[in-house]
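Worksheet: one structure, shown below.
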Amino acid sequence: MKRRLRRAEGQVRGVLKMMEEQKNCKDVVSQLSAIRSAVDKTIALVVAVNLEQCILDEQEQGGDTNKVVQEAVQLLMKSR
């Protein structure tokens with residue numbers, strides 16, 4: 001996850017440089033779209049890993065995992 005975020009950080013720096021150099025708008029938007037996609041994938045990974053652990057914890061406690069799943073869905077919807 002950190003590697004993905006570092007890559008996105010590098011992409012943001014690249015976009016800032018492109019803007020300073022007044023590069024083509026299409027190229028800037030294309031790079032911004034790639035950044036957004038990378039961040040969205042990272043969010044999904046964070047939620048998935050967390051969801052898996054939360055479900056296991058809830059099952060150990062004999063609780064209802066539906067609430068945990070609903071919280072994960074809400075996190076994903078909020079990130080959109």
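Residues are named by chain letter and number: chains run A, B, ... in the order of the structure tokens, numbers start at 1 in each chain, and ligands are numbered from 1 in the order shown.
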
**Q.** Contacts of Arg6 of chain A at 12 Å (only C-alpha atoms; same-chain gap of 4+ positions) as number ranges by chain
**A.** A: 1-2, 10-13, 35, 38-39, 42

Store the residues picked out above, limited to all heavy atoms, as an mmCIF file, in the first residue's frame.
data_model
loop_
_atom_site.group_PDB
_atom_site.id
_atom_site.type_symbol
_atom_site.label_atom_id
_atom_site.label_comp_id
_atom_site.auth_asym_id
_atom_site.auth_seq_id
_atom_site.Cartn_x
_atom_site.Cartn_y
_atom_site.Cartn_z
ATOM 1 N N MET A 1 0.825 -1.191 0.000
ATOM 2 C CA MET A 1 0.000 0.000 0.000
ATOM 3 C C MET A 1 0.873 1.260 0.000
ATOM 4 O O MET A 1 0.576 2.201 -0.735
ATOM 5 C CB MET A 1 -0.924 -0.004 1.213
ATOM 6 C CG MET A 1 -2.054 -0.998 1.094
ATOM 7 S SD MET A 1 -3.164 -0.955 2.496
ATOM 8 C CE MET A 1 -2.676 -2.455 3.300
ATOM 9 N N LYS A 2 1.918 1.222 0.814
ATOM 10 C CA LYS A 2 2.810 2.384 0.856
ATOM 11 C C LYS A 2 3.489 2.598 -0.497
ATOM 12 O O LYS A 2 3.658 3.728 -0.938
ATOM 13 C CB LYS A 2 3.861 2.215 1.947
ATOM 14 C CG LYS A 2 3.309 2.364 3.331
ATOM 15 C CD LYS A 2 4.410 2.224 4.370
ATOM 16 C CE LYS A 2 3.861 2.361 5.767
ATOM 17 N NZ LYS A 2 4.929 2.240 6.770
ATOM 18 N N GLY A 10 4.663 10.415 -6.549
ATOM 19 C CA GLY A 10 5.556 10.751 -7.659
ATOM 20 C C GLY A 10 4.780 11.247 -8.871
ATOM 21 O O GLY A 10 5.215 12.175 -9.559
ATOM 22 N N GLN A 11 3.639 10.634 -9.116
ATOM 23 C CA GLN A 11 2.805 11.074 -10.233
ATOM 24 C C GLN A 11 2.300 12.494 -10.005
ATOM 25 O O GLN A 11 2.250 13.290 -10.940
ATOM 26 C CB GLN A 11 1.624 10.124 -10.424
ATOM 27 C CG GLN A 11 2.006 8.782 -10.997
ATOM 28 C CD GLN A 11 0.812 7.843 -11.053
ATOM 29 O OE1 GLN A 11 0.145 7.598 -10.054
ATOM 30 N NE2 GLN A 11 0.551 7.328 -12.239
ATOM 31 N N VAL A 12 1.922 12.815 -8.778
ATOM 32 C CA VAL A 12 1.450 14.170 -8.468
ATOM 33 C C VAL A 12 2.584 15.169 -8.709
ATOM 34 O O VAL A 12 2.369 16.224 -9.310
ATOM 35 C CB VAL A 12 0.930 14.267 -7.019
ATOM 36 C CG1 VAL A 12 0.690 15.714 -6.614
ATOM 37 C CG2 VAL A 12 -0.352 13.460 -6.870
ATOM 38 N N ARG A 13 3.787 14.829 -8.253
ATOM 39 C CA ARG A 13 4.922 15.724 -8.515
ATOM 40 C C ARG A 13 5.132 15.903 -10.014
ATOM 41 O O ARG A 13 5.427 17.005 -10.489
ATOM 42 C CB ARG A 13 6.188 15.186 -7.846
ATOM 43 C CG ARG A 13 6.240 15.453 -6.355
ATOM 44 C CD ARG A 13 7.629 15.198 -5.793
ATOM 45 N NE ARG A 13 8.089 13.838 -6.021
ATOM 46 C CZ ARG A 13 7.905 12.822 -5.181
ATOM 47 N NH1 ARG A 13 7.275 13.022 -4.037
ATOM 48 N NH2 ARG A 13 8.368 11.622 -5.472
ATOM 49 N N ILE A 35 -3.660 9.061 -11.622
ATOM 50 C CA ILE A 35 -3.478 9.232 -10.176
ATOM 51 C C ILE A 35 -4.749 8.843 -9.438
ATOM 52 O O ILE A 35 -4.716 8.116 -8.440
ATOM 53 C CB ILE A 35 -3.075 10.684 -9.839
ATOM 54 C CG1 ILE A 35 -1.693 10.992 -10.401
ATOM 55 C CG2 ILE A 35 -3.119 10.924 -8.338
ATOM 56 C CD1 ILE A 35 -1.343 12.477 -10.419
ATOM 57 N N ALA A 38 -5.127 5.129 -9.373
ATOM 58 C CA ALA A 38 -4.191 4.506 -8.434
ATOM 59 C C ALA A 38 -4.660 4.682 -6.998
ATOM 60 O O ALA A 38 -4.599 3.743 -6.186
ATOM 61 C CB ALA A 38 -2.797 5.098 -8.614
ATOM 62 N N VAL A 39 -5.152 5.859 -6.668
ATOM 63 C CA VAL A 39 -5.639 6.121 -5.309
ATOM 64 C C VAL A 39 -6.904 5.303 -5.041
ATOM 65 O O VAL A 39 -7.059 4.721 -3.961
ATOM 66 C CB VAL A 39 -5.867 7.631 -5.083
ATOM 67 C CG1 VAL A 39 -6.587 7.884 -3.768
ATOM 68 C CG2 VAL A 39 -4.541 8.381 -5.121
ATOM 69 N N THR A 42 -5.944 1.839 -4.259
ATOM 70 C CA THR A 42 -5.352 1.761 -2.929
ATOM 71 C C THR A 42 -6.436 1.793 -1.855
ATOM 72 O O THR A 42 -6.378 1.038 -0.880
ATOM 73 C CB THR A 42 -4.339 2.900 -2.706
ATOM 74 O OG1 THR A 42 -3.355 2.852 -3.742
ATOM 75 C CG2 THR A 42 -3.657 2.787 -1.363
#

Q | Spatial neighbours of Glu71 of chain A, max dist 12 Å, only C-alpha atoms, sep filter under 6 positions, as number ranges by chain | A | A: 47-48, 50-51, 54-55, 65, 77-78

Any chance you can output those residues with C-alpha atoms as a tab-separated table (two decimals), in the first residue's frame?
chain	number	residue	atom	x	y	z
A	47	VAL	CA	-10.86	-1.48	2.82
A	48	ALA	CA	-10.50	-5.11	1.69
A	50	ASN	CA	-9.43	-4.14	6.91
A	51	LEU	CA	-12.71	-5.89	6.12
A	54	CYS	CA	-12.73	-7.14	10.99
A	55	ILE	CA	-14.79	-10.13	9.82
A	65	THR	CA	-20.50	-9.74	10.38
A	77	MET	CA	-19.19	4.68	-1.30
A	78	LYS	CA	-17.81	7.64	0.65
